[in-house]
There are 4 protein chains.
Amino acid sequence: MTKKISIVGASGYTGGELIRWALMHPEMEVVQVTSDRFAGQAVYKLNPNLRGFTQLAFSPVKELKTDVDTVFLCTPHEKAVPYVKKFMETGAKIIDLSADFRLKDKNEYAKYYSEHQAPELLGKAVYGIPELHREEIKKAKLVACAGCLATSVILATAPMIKSKLISVSGIIADAKIGSSAGGAAFDISTHHPERMGTVRSYKPKGHRHTAEIEQELSAINGSKVSVGLTPHGVELIRGISTAVYAGISSDITDIKVWKAYRSFFADSPFVRLVKDQGTLYRYPEPKPVIGTNFADIGFEIDQEKGRIILMSAIDNLVKGSGGQAIQCFNLMNGFDEKTGLWYPGYHPI
Amino acid sequence: MTKKISIVGASGYTGGELIRWALMHPEMEVVQVTSDRFAGQAVYKLNPNLRGFTQLAFSPVKELKTDVDTVFLCTPHEKAVPYVKKFMETGAKIIDLSADFRLKDKNEYAKYYSEHQAPELLGKAVYGIPELHREEIKKAKLVACAGCLATSVILATAPMIKSKLISVSGIIADAKIGSSAGGAAFDISTHHPERMGTVRSYKPKGHRHTAEIEQELSAINGSKVSVGLTPHGVELIRGISTAVYAGISSDITDIKVWKAYRSFFADSPFVRLVKDQGTLYRYPEPKPVIGTNFADIGFEIDQEKGRIILMSAIDNLVKGSGGQAIQCFNLMNGFDEKTGLWYPGYHPI
Amino acid sequence: MTKKISIVGASGYTGGELIRWALMHPEMEVVQVTSDRFAGQAVYKLNPNLRGFTQLAFSPVKELKTDVDTVFLCTPHEKAVPYVKKFMETGAKIIDLSADFRLKDKNEYAKYYSEHQAPELLGKAVYGIPELHREEIKKAKLVACAGCLATSVILATAPMIKSKLISVSGIIADAKIGSSAGGAAFDISTHHPERMGTVRSYKPKGHRHTAEIEQELSAINGSKVSVGLTPHGVELIRGISTAVYAGISSDITDIKVWKAYRSFFADSPFVRLVKDQGTLYRYPEPKPVIGTNFADIGFEIDQEKGRIILMSAIDNLVKGSGGQAIQCFNLMNGFDEKTGLWYPGYHPI
Amino acid sequence: MTKKISIVGASGYTGGELIRWALMHPEMEVVQVTSDRFAGQAVYKLNPNLRGFTQLAFSPVKELKTDVDTVFLCTPHEKAVPYVKKFMETGAKIIDLSADFRLKDKNEYAKYYSEHQAPELLGKAVYGIPELHREEIKKAKLVACAGCLATSVILATAPMIKSKLISVSGIIADAKIGSSAGGAAFDISTHHPERMGTVRSYKPKGHRHTAEIEQELSAINGSKVSVGLTPHGVELIRGISTAVYAGISSDITDIKVWKAYRSFFADSPFVRLVKDQGTLYRYPEPKPVIGTNFADIGFEIDQEKGRIILMSAIDNLVKGSGGQAIQCFNLMNGFDEKTGLWYPGYHPI
């Protein structure tokens with residue numbers, strides 16, 4: 001049965017992506033999208049791809065509809081709490097795409113963001129990576145979708161942690177990420193002449209997604225896992241390519257790694273393992289996942305240097321954000337996980 | 001009822017695009033894709049986007065299956081004739097994406113390509129732009145899909161010709177086109193360091209698509225229309241943006257132009273008119289049509305210079321090639337024109 | 001003898017480019033660069049290429065030094081007049097890179113900009129394209145450098161007008177231009193995810209540079225020349241590629257066109273004629289001129305369509321702005337035109 | 001006194017770059033450039049940037065001139081030995097840009113390349129990074145220029161090794177590199193639609209430059225240093241951005257790192273230290289070094305993760321190849337190191 005959904009804070013790139021997928025989803029009816037800044041403006045004016053697909057306009061937040069089955073929150077970080085409280089009262093299912101409910105530990109939230117406004121609710125949220133928390137998501141009332149960088153690191157690394165194939169200290173994650181991850185807000189750093197063709201280390205240490213990565217990997221490991229995350233802005237609009245470098249013991253083999261991944265992702269239709277010597281695209285790359293909900297995962301063992309290179313590629317706005325949220329929606333509402341999401345990308349793109 | 005289809009010469013970008021759309025189409029079953037060069041190789045090795053969607057492999061041409069409902073020909077120019085003859089015998093519907101059956105006049109074909117091998121068949125083909133030939137396509141056994149540049153010029157210009165709003169002499173079409181239009185074959189001109197960031201006038205005069213543009217526009221006009229086509233390779237993979245410059249008489253108005261377009265495209269779901277002062281995307285641009293079958297069309301009257309600027313944007317591999325072919329397939333087989341094609345693009349992309 | 005120069009309004013891209021060239025020029029000493037917004041800040045903080053080359057910082061305008069030999073004005077349009085008046089009193093040579101003194105006719109200025117604040121001075125300025133006004137520039141006290149698009153159109157077209165080889169009505173100029181031409185100010189239209197990969201017709205009619213193009217070409221022709229200019233933002237930071245379409249009479253030949261160009265540019269070291277069938281770069285393209293003061297010019301006669309395609313490529317920030325200004329400086333001060341400017345570009349770039 | 005130089009194997013990108021710099025160098029006269037494949041063809045046909053700067057044409061190798069002061073070898077790997085032998089007899093100074101004389105250990109050469117043809121000569125070559133071997137280069141007859149990736153890793157890392165500030169085991173180097181590093185030879189992997197917008201891990205382990213990196217760092221360290229190098233092709237033509245991740249002890253400070261770098265590079269004009277919180281370009285990036293011989297170096301200490309991130313940016317064709325060779329030429333011939341190389345880049349580019 002079709003579900004009524006709304007999207008709060010829908011004028012950014014994450015909101016636009018959600019609107020797109022929701023409009024095409026066979027079981028969703030979009031009843032409202034809110035934006036104070038663009039209130040009254042047609043959605044397709046900000047999202048020219050949607051011209052001809054919807055006459056929907058943004059509503060001001062003061063006209064917020066609460067009579068929905070599921071609400072998606074695309075508010076800025078530290079702004080989701082009031083909406084979560086409000087919709088918890090109405091009984092709507094809540095999918096929060098901000099960072100506000102990703103962390104279980106209020107101290108970690110305070111360290112990376114600010115003091116949390118509703119720490120008592122942190123325990124009620126399920127972290128929204130279905131490949132890790134599928135069963136909990138099915139039962140959840142509140143899902144906190146993962147950060148895009150976190151998704152790319154966790155999917156590549158979690159199976160290795162679980163199978164005890166890598167060292168849990170000194171893990172390095174070097175990510176290359178497109179400009180859309182910064183959102184629709186602009187400044188000199190996103191000005192085309194300054195941003196085009198750059199390889200920019202904008203946050204070499206202390207990136208906020210470190211907290212959720214370590215939380216999730218540590219939970220799998222049973223004790224603290226430490227990850228040094230360093231993202232680089234590169235010449236892409238969409239896409240994250242991440243290389244995770246980790247220590248290995250000498251008895252690791254390709255077969256063991258394959259098995260660990262296959263086992264971990266046995267029920268995960270959106271993870272594709274890519275390690276294919278005969279082709280140009282022999283490791284994960286952003287291009288084949290652009291516009292899709294796939295996470296492509298691969299690896300190479302460098303026995304001589306005592307390390308393994310784990311590789312992942314996702315579209316930050318789909319698997320790293322809007323598509324992940326739709327996947328959670330499907331699970332929370334009893335639909336097949338793939339509903340409305342099962343599309344290949346384009347080649348070449 | 002599901003139709004069995006095959007694709008001959010399927011290893012290039014047009015073939016890959018067709019495979020993608022066919023796999024997702026609710027009424028198509030792909031029974032064979034051929035390529036001598038890549039015979040035996042899995043389709044997803046060349047099309048990494050299709051990993052997880054098909055285990056199909058390329059068949060050698062000697063194993064050609066003729067028991068299909070519709071065959072798509074993606075052979076190089078001047079190679080389609082034998083296949084057309086063969087499938088005419090089997091009764092299959094034929095959609096030729098090469099240039100071999102686009103022109104009605106064998107002399108024009110000889111001028112721009114070479115002597116035609118089966119001039120007697122030229123009259124049997126319908127030119128595959130549904131917006132011009134919808135009813136004929138519905139009844140056709142052989143459809144010749146239009147060239148990508150031709151599609152972009154014709155869709156912007158035909159309504160103006162039909163409504164007698166522009167001068168039919170001295171029309172200039174300046175097109176900007178992505179690198180995928182050159183296909184999967186590579187040489188120094190497509191080598192990334194030489195091709196990236198270029199604006200290259202590779203065929204300032206005498207481009208082959210001129211012939212089909214003039215054929216179609218002249219047919220609408222009732223007498224010769226002359227178009228000077230000059231394409232430029234620009235920094236895109238997918239996409240064509242075309243500006244058509246034509247002379248106007250002084251009594252032209254925005255309303256008249258709007259009416260001419262709206263009337264011409266009244267039954268054409270894949271044409272969107274774009275002229276929207278309040279937005280960033282106020283004229284057609286490639287970005288909102290990437291990955292879609294849409295043609296975005298717009299215009300600006302420059303009364304002071306006695307000219308009108310007509311603008312169109314398409315994805316050369318979709319509306320300019322594979323998507324157009326699927327649209328023709330739908331019409332030829334009695335399906336709704338939009339079947340399997342009704343998807344919006346992505347933003348930003 | 002080394003000349004003391006200053007640059008007013010130096011914090012934008014044109015100012016940065018001028019600083020770069022001035023620092024490397026053997027006959028220039030930069031005594032001041034002004035910017036109220038960035039007063040006190042080191043030049044290399046905005047221009048990371050200049051790290052290690054200068055410790056110069058921006059001065060506030062209130063500390064303006066007038067004891068200079070030549071002043072370069074990089075103020076916004078409609079802001080140069082007070083500086084021109086001030087420096088005319090000091091006897092400094094003035095090179096204005098804004099649009100304020102390009103037009104001779106105050107009505108044209110009013111039409112495209114606003115009412116001019118000092119129309120009595122319009123006649124004192126020399127238009128700063130050395131290939132047209134070399135001798136006047138040598139004697140000038142006030143030079144108004146040309147707009148970047150205007151430079152690209154005029155250099156390709158002026159020799160054809162002078163030699164009466166093309167029709168002077170119905171000329172169409174379709175330009176493709178990089179994002180740096182919009183300057184260092186940013187908004188949503190220059191936000192990387194919205195600007196990357198676009199082909200955007202941002203001003204299809206009525207572009208301000210039309211006025212100076214028509215002024216200069218009409219002066220050569222002896223009567224009104226009409227040009228319809230339509231620029232497109234494309235995926236470049238630097239560079240303009242312009243195609244000019246003009247009508248021809250049937251007796252035009254390649255040799256006549258070559259002769260017209262060679263004669264016109266006989267003493268112009270920075271114009272290179274490019275029409276070279278044996279090579280990949282057989283017509284002008286932006287890549288070989290990036291970072292240089294060259295204007296590459298080429299053409300193709302399309303006898304069948306009664307038209308000629310004139311092509312030019314420049315770096316908008318060098319030949320279209322800062323480099324052109326240095327070239328004028330050289331002429332005004334009796335130096336060889338090439339001084340400090342005679343560098344090739346890079347390949348590939 | 002002007003030196004006569006020649007370039008063997010000059011038709012590739014490294015050769016083209018050398019020709020460019022040599023033509024502009026005040027102390028060099030280019031007497032010959034060889035290429036069998038392009039023999040007889042004008043240099044500017046392959047290097048469109050050099051149009052107007054030289055009428056030089058490629059000579060076939062059989063016409064090799066040996067009466068030169070310095071010869072630059074741009075031959076493919078494993079092809080330089082015969083030329084080295086020949087020019088050693090003539091007494092010419094030899095600067096080899098291939099990999100053939102970079103390694104001191106013939107076993108390492110065999111492991112990464114093939115069996116060396118003249119192992120007895122390995123000891124005669126000086127590794128061509130002036131920042132490490134300035135005094136030896138001044139006296140050398142044979143210099144082996146470093147690989148581009150090796151240069152980027154070594155310059156960032158050597159001072160840290162020398163000052164014992166980082167752990168010498170488990171060093172990870174993640175490099176992002178432009179397409180020009182692959183040279184002028186093309187295949188499907190460099191075809192624009194396949195290469196544009198990629199982040200491609202093409203050699204995650206075992207890259208050949210690992211050998212020279214470890215050789216040089218181990219020599220400084222006095223015992224084996226192990227580096228895991230993983231390069232990624234990204235959307236650039238020119239440029240390398242490298243992040244080196246290394247373990248640190250807890251008493252490291254910014255000041256100690258600064259001192260180590262400043263001391264190491266005290267006499268090195270082409271290294272710029274970049275760590276500048278107040279600006280957009282606060283760490284090294286490729287854009288400010290494009291077209292220059294600079295290596296920009298920066299760092300960030302991540303005390304919490306027990307690691308330091310070292311960052312470097314160079315132009316692979318200049319500091320990573322042709323410019324480095326010119327710098328060696330200057331040193332070998334008693335010229336100032338900066339001669340003919342002291343140019344800033346462009347901004348924005």
# chains A, B, ... in the order shown; residues from 1 in each chain; ligands from 1
call {"tool": "interface_residues", "arguments": {"of": "chain A", "to": "chain C", "cutoff": "8 Å", "atoms": "only C-alpha atoms", "output": "PyMOL selection string"}}
result
chain A and resi 179-180+184-188+190-193+195-196+237
call {"tool": "residues_around", "arguments": {"residues": "Lys287 (chain A)", "least_positions_apart": "3", "cutoff": "10 Å", "atoms": "only C-alpha atoms", "output": "ChimeraX atom specification"}}
result
/A:236,238-241,281,284,290-291,313-315,345-349 /B:48-49 /D:194-200
call {"tool": "atom_distance", "arguments": {"atom1": "CA of Ile297 (chain B)", "atom2": "CA of His209 (chain C)"}}
result
26.2 Å
call {"tool": "residues_around", "arguments": {"residues": "region 328-331 of chain C", "least_positions_apart": "3", "cutoff": "12 Å", "atoms": "only C-alpha atoms", "output": "VMD selection string"}}
result
chain C and resid 1 to 5 18 21 to 22 25 to 28 69 to 72 92 to 97 126 to 146 293 319 321 to 325 334 to 341
call {"tool": "write_last_selection", "arguments": {"atoms": "C-alpha atoms", "output": "mmCIF file, in the first residue's frame"}}
result
data_model
loop_
_atom_site.group_PDB
_atom_site.id
_atom_site.type_symbol
_atom_site.label_atom_id
_atom_site.label_comp_id
_atom_site.auth_asym_id
_atom_site.auth_seq_id
_atom_site.Cartn_x
_atom_site.Cartn_y
_atom_site.Cartn_z
ATOM 1 C CA MET C 1 64.356 52.243 -17.656
ATOM 2 C CA THR C 2 62.161 50.434 -15.194
ATOM 3 C CA LYS C 3 58.683 51.878 -14.850
ATOM 4 C CA LYS C 4 56.833 52.179 -11.584
ATOM 5 C CA ILE C 5 53.384 50.737 -11.910
ATOM 6 C CA LEU C 18 48.425 41.517 -14.099
ATOM 7 C CA TRP C 21 52.975 39.310 -15.501
ATOM 8 C CA ALA C 22 54.200 42.521 -13.929
ATOM 9 C CA HIS C 25 58.413 41.831 -16.558
ATOM 10 C CA PRO C 26 61.978 43.109 -16.898
ATOM 11 C CA GLU C 27 60.915 46.758 -17.085
ATOM 12 C CA MET C 28 58.224 46.987 -14.430
ATOM 13 C CA ASP C 69 54.515 55.898 -14.285
ATOM 14 C CA THR C 70 51.592 53.730 -15.316
ATOM 15 C CA VAL C 71 48.449 52.744 -13.483
ATOM 16 C CA PHE C 72 46.329 49.730 -14.381
ATOM 17 C CA ALA C 92 50.623 58.850 -15.257
ATOM 18 C CA LYS C 93 49.810 56.658 -18.202
ATOM 19 C CA ILE C 94 46.514 54.905 -17.644
ATOM 20 C CA ILE C 95 45.496 51.464 -18.801
ATOM 21 C CA ASP C 96 41.876 50.807 -17.948
ATOM 22 C CA LEU C 97 40.788 47.175 -18.020
ATOM 23 C CA VAL C 126 42.432 54.536 -27.392
ATOM 24 C CA TYR C 127 40.855 51.082 -27.752
ATOM 25 C CA GLY C 128 43.478 48.675 -26.562
ATOM 26 C CA ILE C 129 43.818 46.027 -29.249
ATOM 27 C CA PRO C 130 47.337 46.612 -30.575
ATOM 28 C CA GLU C 131 46.614 44.685 -33.759
ATOM 29 C CA LEU C 132 44.145 47.454 -34.672
ATOM 30 C CA HIS C 133 45.527 50.550 -32.996
ATOM 31 C CA ARG C 134 49.243 50.011 -32.508
ATOM 32 C CA GLU C 135 50.375 53.483 -33.502
ATOM 33 C CA GLU C 136 47.708 55.280 -31.482
ATOM 34 C CA ILE C 137 48.474 53.173 -28.436
ATOM 35 C CA LYS C 138 52.126 54.158 -28.653
ATOM 36 C CA LYS C 139 51.093 57.768 -28.193
ATOM 37 C CA ALA C 140 48.169 57.276 -25.843
ATOM 38 C CA LYS C 141 47.842 58.520 -22.298
ATOM 39 C CA LEU C 142 44.683 56.501 -21.711
ATOM 40 C CA VAL C 143 44.121 53.044 -23.175
ATOM 41 C CA ALA C 144 40.876 51.120 -22.731
ATOM 42 C CA CYS C 145 41.614 47.438 -22.979
ATOM 43 C CA ALA C 146 39.100 45.403 -24.935
ATOM 44 C CA ASN C 293 49.249 36.174 -25.001
ATOM 45 C CA LYS C 319 45.276 38.147 -24.526
ATOM 46 C CA SER C 321 42.781 41.015 -20.468
ATOM 47 C CA GLY C 322 46.033 41.138 -18.472
ATOM 48 C CA GLY C 323 48.394 40.214 -21.293
ATOM 49 C CA GLN C 324 46.761 42.652 -23.644
ATOM 50 C CA ALA C 325 47.269 45.353 -21.012
ATOM 51 C CA GLY C 334 58.566 52.416 -26.106
ATOM 52 C CA PHE C 335 59.460 48.841 -25.278
ATOM 53 C CA ASP C 336 59.331 46.001 -27.723
ATOM 54 C CA GLU C 337 55.757 44.723 -27.864
ATOM 55 C CA LYS C 338 56.842 41.261 -26.791
ATOM 56 C CA THR C 339 58.747 42.328 -23.680
ATOM 57 C CA GLY C 340 57.851 40.127 -20.756
ATOM 58 C CA LEU C 341 55.166 38.350 -22.774
#
call {"tool": "closest_residue", "arguments": {"among": "D:Glu304, D:Glu29, D:Asp267, D:Asp276", "to": "Ser226 (chain A)", "atoms": "only C-alpha atoms"}}
result
D:Glu304
call {"tool": "residues_around", "arguments": {"residues": "Val43 (chain D)", "least_positions_apart": "4", "cutoff": "9 Å", "atoms": "only C-alpha atoms", "output": "short mmCIF file (atom, residue, chain, number, x, y, z; two decimals) with all heavy atoms, in the first residue's frame"}}
result
data_model
loop_
_atom_site.label_atom_id
_atom_site.label_comp_id
_atom_site.auth_asym_id
_atom_site.auth_seq_id
_atom_site.Cartn_x
_atom_site.Cartn_y
_atom_site.Cartn_z
N SER D 11 59.57 12.75 -29.05
CA SER D 11 58.20 12.97 -29.55
C SER D 11 57.12 12.75 -28.49
O SER D 11 55.95 13.02 -28.76
CB SER D 11 57.93 12.06 -30.75
OG SER D 11 57.92 10.71 -30.33
N GLY D 16 58.52 16.71 -25.38
CA GLY D 16 57.90 17.99 -25.72
C GLY D 16 58.13 19.02 -24.63
O GLY D 16 58.41 20.20 -24.90
N ILE D 19 61.74 20.18 -24.77
CA ILE D 19 61.95 21.11 -25.89
C ILE D 19 61.46 22.50 -25.49
O ILE D 19 62.13 23.50 -25.72
CB ILE D 19 61.21 20.62 -27.16
CG1 ILE D 19 61.78 19.28 -27.64
CG2 ILE D 19 61.31 21.68 -28.27
CD1 ILE D 19 60.97 18.61 -28.74
N VAL D 33 66.57 17.09 -32.11
CA VAL D 33 65.59 16.28 -31.37
C VAL D 33 65.28 15.09 -32.26
O VAL D 33 65.02 15.24 -33.44
CB VAL D 33 64.30 17.08 -31.03
CG1 VAL D 33 64.64 18.24 -30.10
CG2 VAL D 33 63.60 17.58 -32.28
N PHE D 38 58.33 10.09 -35.95
CA PHE D 38 57.89 11.39 -36.48
C PHE D 38 59.01 12.10 -37.24
O PHE D 38 58.98 13.33 -37.40
CB PHE D 38 57.36 12.26 -35.35
CG PHE D 38 56.12 11.71 -34.72
CD1 PHE D 38 56.17 10.93 -33.57
CD2 PHE D 38 54.88 11.91 -35.31
CE1 PHE D 38 55.03 10.40 -33.00
CE2 PHE D 38 53.72 11.38 -34.76
CZ PHE D 38 53.79 10.62 -33.60
N ASN D 47 53.39 19.56 -30.88
CA ASN D 47 53.36 20.46 -29.72
C ASN D 47 52.79 21.81 -30.16
O ASN D 47 53.55 22.74 -30.44
CB ASN D 47 54.77 20.64 -29.16
CG ASN D 47 55.38 19.34 -28.68
OD1 ASN D 47 55.19 18.95 -27.54
ND2 ASN D 47 56.09 18.66 -29.57
N PRO D 48 51.47 21.90 -30.22
CA PRO D 48 50.88 23.10 -30.82
C PRO D 48 51.19 24.37 -30.05
O PRO D 48 51.07 25.46 -30.57
CB PRO D 48 49.37 22.79 -30.81
CG PRO D 48 49.19 21.75 -29.76
CD PRO D 48 50.45 20.93 -29.77
N LEU D 50 54.08 25.28 -29.33
CA LEU D 50 55.36 25.80 -29.81
C LEU D 50 55.27 26.42 -31.20
O LEU D 50 56.29 26.86 -31.75
CB LEU D 50 56.42 24.68 -29.78
CG LEU D 50 56.70 24.12 -28.38
CD1 LEU D 50 57.77 23.04 -28.44
CD2 LEU D 50 57.11 25.23 -27.41
N ARG D 51 54.09 26.48 -31.75
CA ARG D 51 53.90 27.16 -33.04
C ARG D 51 54.41 28.59 -32.90
O ARG D 51 54.02 29.32 -31.98
CB ARG D 51 52.41 27.15 -33.39
CG ARG D 51 52.09 27.75 -34.76
CD ARG D 51 50.59 27.76 -35.00
NE ARG D 51 50.04 26.43 -35.15
CZ ARG D 51 49.92 25.78 -36.30
NH1 ARG D 51 50.35 26.35 -37.43
NH2 ARG D 51 49.40 24.56 -36.35
N THR D 54 59.57 27.66 -32.96
CA THR D 54 60.66 26.88 -33.53
C THR D 54 60.23 26.24 -34.84
O THR D 54 59.07 25.87 -35.00
CB THR D 54 61.12 25.77 -32.56
OG1 THR D 54 62.19 25.05 -33.19
CG2 THR D 54 60.01 24.79 -32.23
N GLN D 55 61.18 26.16 -35.75
CA GLN D 55 60.96 25.45 -37.00
C GLN D 55 61.64 24.08 -36.96
O GLN D 55 61.67 23.37 -37.97
CB GLN D 55 61.50 26.27 -38.19
CG GLN D 55 60.68 27.54 -38.43
CD GLN D 55 59.23 27.25 -38.75
OE1 GLN D 55 58.90 26.30 -39.45
NE2 GLN D 55 58.32 28.04 -38.17
N LEU D 56 62.16 23.72 -35.81
CA LEU D 56 62.84 22.45 -35.63
C LEU D 56 61.95 21.29 -36.05
O LEU D 56 60.75 21.31 -35.81
CB LEU D 56 63.16 22.32 -34.14
CG LEU D 56 64.27 21.39 -33.67
CD1 LEU D 56 65.63 21.86 -34.17
CD2 LEU D 56 64.28 21.35 -32.13
N ALA D 57 62.58 20.27 -36.67
CA ALA D 57 61.85 19.04 -37.00
C ALA D 57 62.57 17.86 -36.36
O ALA D 57 63.75 17.93 -36.02
CB ALA D 57 61.79 18.86 -38.51
N PHE D 58 61.83 16.77 -36.17
CA PHE D 58 62.43 15.57 -35.60
C PHE D 58 63.38 14.92 -36.60
O PHE D 58 63.08 14.82 -37.78
CB PHE D 58 61.34 14.57 -35.20
CG PHE D 58 60.45 15.07 -34.11
CD1 PHE D 58 59.16 15.51 -34.38
CD2 PHE D 58 60.90 15.09 -32.79
CE1 PHE D 58 58.33 15.99 -33.38
CE2 PHE D 58 60.06 15.58 -31.77
CZ PHE D 58 58.78 16.02 -32.06
#
call {"tool": "select_by_dssp", "arguments": {"residues": "region 190-246 of chain D", "states": "alpha helix (DSSP H)", "output": "VMD selection string"}}
result
chain D and resid 192 to 195 209 to 221
call {"tool": "residues_around", "arguments": {"residues": "Arg262 (chain D)", "least_positions_apart": "2", "cutoff": "12 Å", "atoms": "only C-alpha atoms", "output": "PyMOL selection string"}}
result
chain D and resi 131+156+159-160+163+255-260+264-269+271-274+297-298
call {"tool": "select_by_dssp", "arguments": {"residues": "region 18-126 of chain A", "states": "strand (DSSP E or B)", "output": "ChimeraX atom specification"}}
result
/A:28-34,42,57,59,70-73,93-96,126
call {"tool": "residues_around", "arguments": {"residues": "Lys205 (chain A)", "least_positions_apart": "4", "cutoff": "10 Å", "atoms": "only C-alpha atoms", "output": "MDAnalysis selection string"}}
result
(chainID A and resid 201 210 228:231) or (chainID D and resid 300:305 307:309)
call {"tool": "write_last_selection", "arguments": {"atoms": "C-alpha atoms", "output": "PDB file, in the first residue's frame"}}
result
ATOM      1  CA  SER A 201      42.928  17.868   1.327  1.00  0.00           C
ATOM      2  CA  THR A 210      35.514   9.365  11.809  1.00  0.00           C
ATOM      3  CA  GLY A 228      42.518   7.819  10.321  1.00  0.00           C
ATOM      4  CA  LEU A 229      40.250   9.330   7.673  1.00  0.00           C
ATOM      5  CA  THR A 230      41.590  11.833   5.155  1.00  0.00           C
ATOM      6  CA  PRO A 231      39.253  12.964   2.370  1.00  0.00           C
TER       7      PRO A 231
ATOM      8  CA  GLU D 300      49.320  17.866   9.371  1.00  0.00           C
ATOM      9  CA  ILE D 301      49.984  16.013  12.609  1.00  0.00           C
ATOM     10  CA  ASP D 302      47.097  13.776  13.698  1.00  0.00           C
ATOM     11  CA  GLN D 303      48.176  13.142  17.260  1.00  0.00           C
ATOM     12  CA  GLU D 304      44.981  11.290  18.120  1.00  0.00           C
ATOM     13  CA  LYS D 305      45.593   8.668  15.462  1.00  0.00           C
ATOM     14  CA  ARG D 307      50.053   9.566  12.448  1.00  0.00           C
ATOM     15  CA  ILE D 308      51.300  12.427  10.350  1.00  0.00           C
ATOM     16  CA  ILE D 309      49.937  13.290   6.924  1.00  0.00           C
TER      17      ILE D 309
END
call {"tool": "residues_around", "arguments": {"residues": "Cys74 (chain C)", "least_positions_apart": "5", "cutoff": "8 Å", "atoms": "only C-alpha atoms", "output": "PyMOL selection string"}}
result
chain C and resi 7-10+12+14-15+96-98
call {"tool": "write_last_selection", "arguments": {"atoms": "N, CA, C and O atoms", "output": "CSV table (one decimal), in the first residue's frame"}}
result
chain,number,residue,atom,x,y,z
C,7,ILE,N,48.4,48.9,-9.5
C,7,ILE,CA,47.2,48.2,-10.0
C,7,ILE,C,46.1,48.5,-9.0
C,7,ILE,O,46.2,48.2,-7.8
C,8,VAL,N,45.1,49.2,-9.5
C,8,VAL,CA,43.9,49.5,-8.6
C,8,VAL,C,42.8,48.5,-8.8
C,8,VAL,O,42.4,48.2,-9.9
C,9,GLY,N,42.4,48.0,-7.7
C,9,GLY,CA,41.3,46.9,-7.8
C,9,GLY,C,41.9,45.6,-8.2
C,9,GLY,O,41.5,44.9,-9.1
C,10,ALA,N,43.0,45.2,-7.4
C,10,ALA,CA,43.8,44.1,-7.9
C,10,ALA,C,43.5,42.8,-7.3
C,10,ALA,O,44.2,41.8,-7.6
C,12,GLY,N,40.9,40.8,-7.9
C,12,GLY,CA,40.2,39.8,-8.8
C,12,GLY,C,41.1,39.0,-9.7
C,12,GLY,O,42.3,39.1,-9.6
C,14,THR,N,41.6,39.4,-13.0
C,14,THR,CA,42.4,40.2,-13.9
C,14,THR,C,43.5,40.9,-13.1
C,14,THR,O,44.6,40.9,-13.6
C,15,GLY,N,43.3,41.3,-11.9
C,15,GLY,CA,44.3,41.9,-11.1
C,15,GLY,C,45.4,40.9,-10.8
C,15,GLY,O,46.6,41.2,-11.0
C,96,ASP,N,43.1,51.2,-18.6
C,96,ASP,CA,41.9,50.8,-17.9
C,96,ASP,C,41.4,49.5,-18.5
C,96,ASP,O,41.1,49.3,-19.7
C,97,LEU,N,41.3,48.5,-17.6
C,97,LEU,CA,40.8,47.2,-18.0
C,97,LEU,C,39.3,47.0,-17.8
C,97,LEU,O,38.7,46.0,-18.2
C,98,SER,N,38.6,48.0,-17.3
C,98,SER,CA,37.2,48.0,-17.2
C,98,SER,C,36.6,48.4,-18.6
C,98,SER,O,37.3,48.6,-19.5
call {"tool": "atom_distance", "arguments": {"atom1": "CA of Glu78 (chain C)", "atom2": "CA of Lys111 (chain C)"}}
result
13.2 Å
call {"tool": "atom_distance", "arguments": {"atom1": "CA of Ala118 (chain B)", "atom2": "CA of Val227 (chain B)"}}
result
27.3 Å
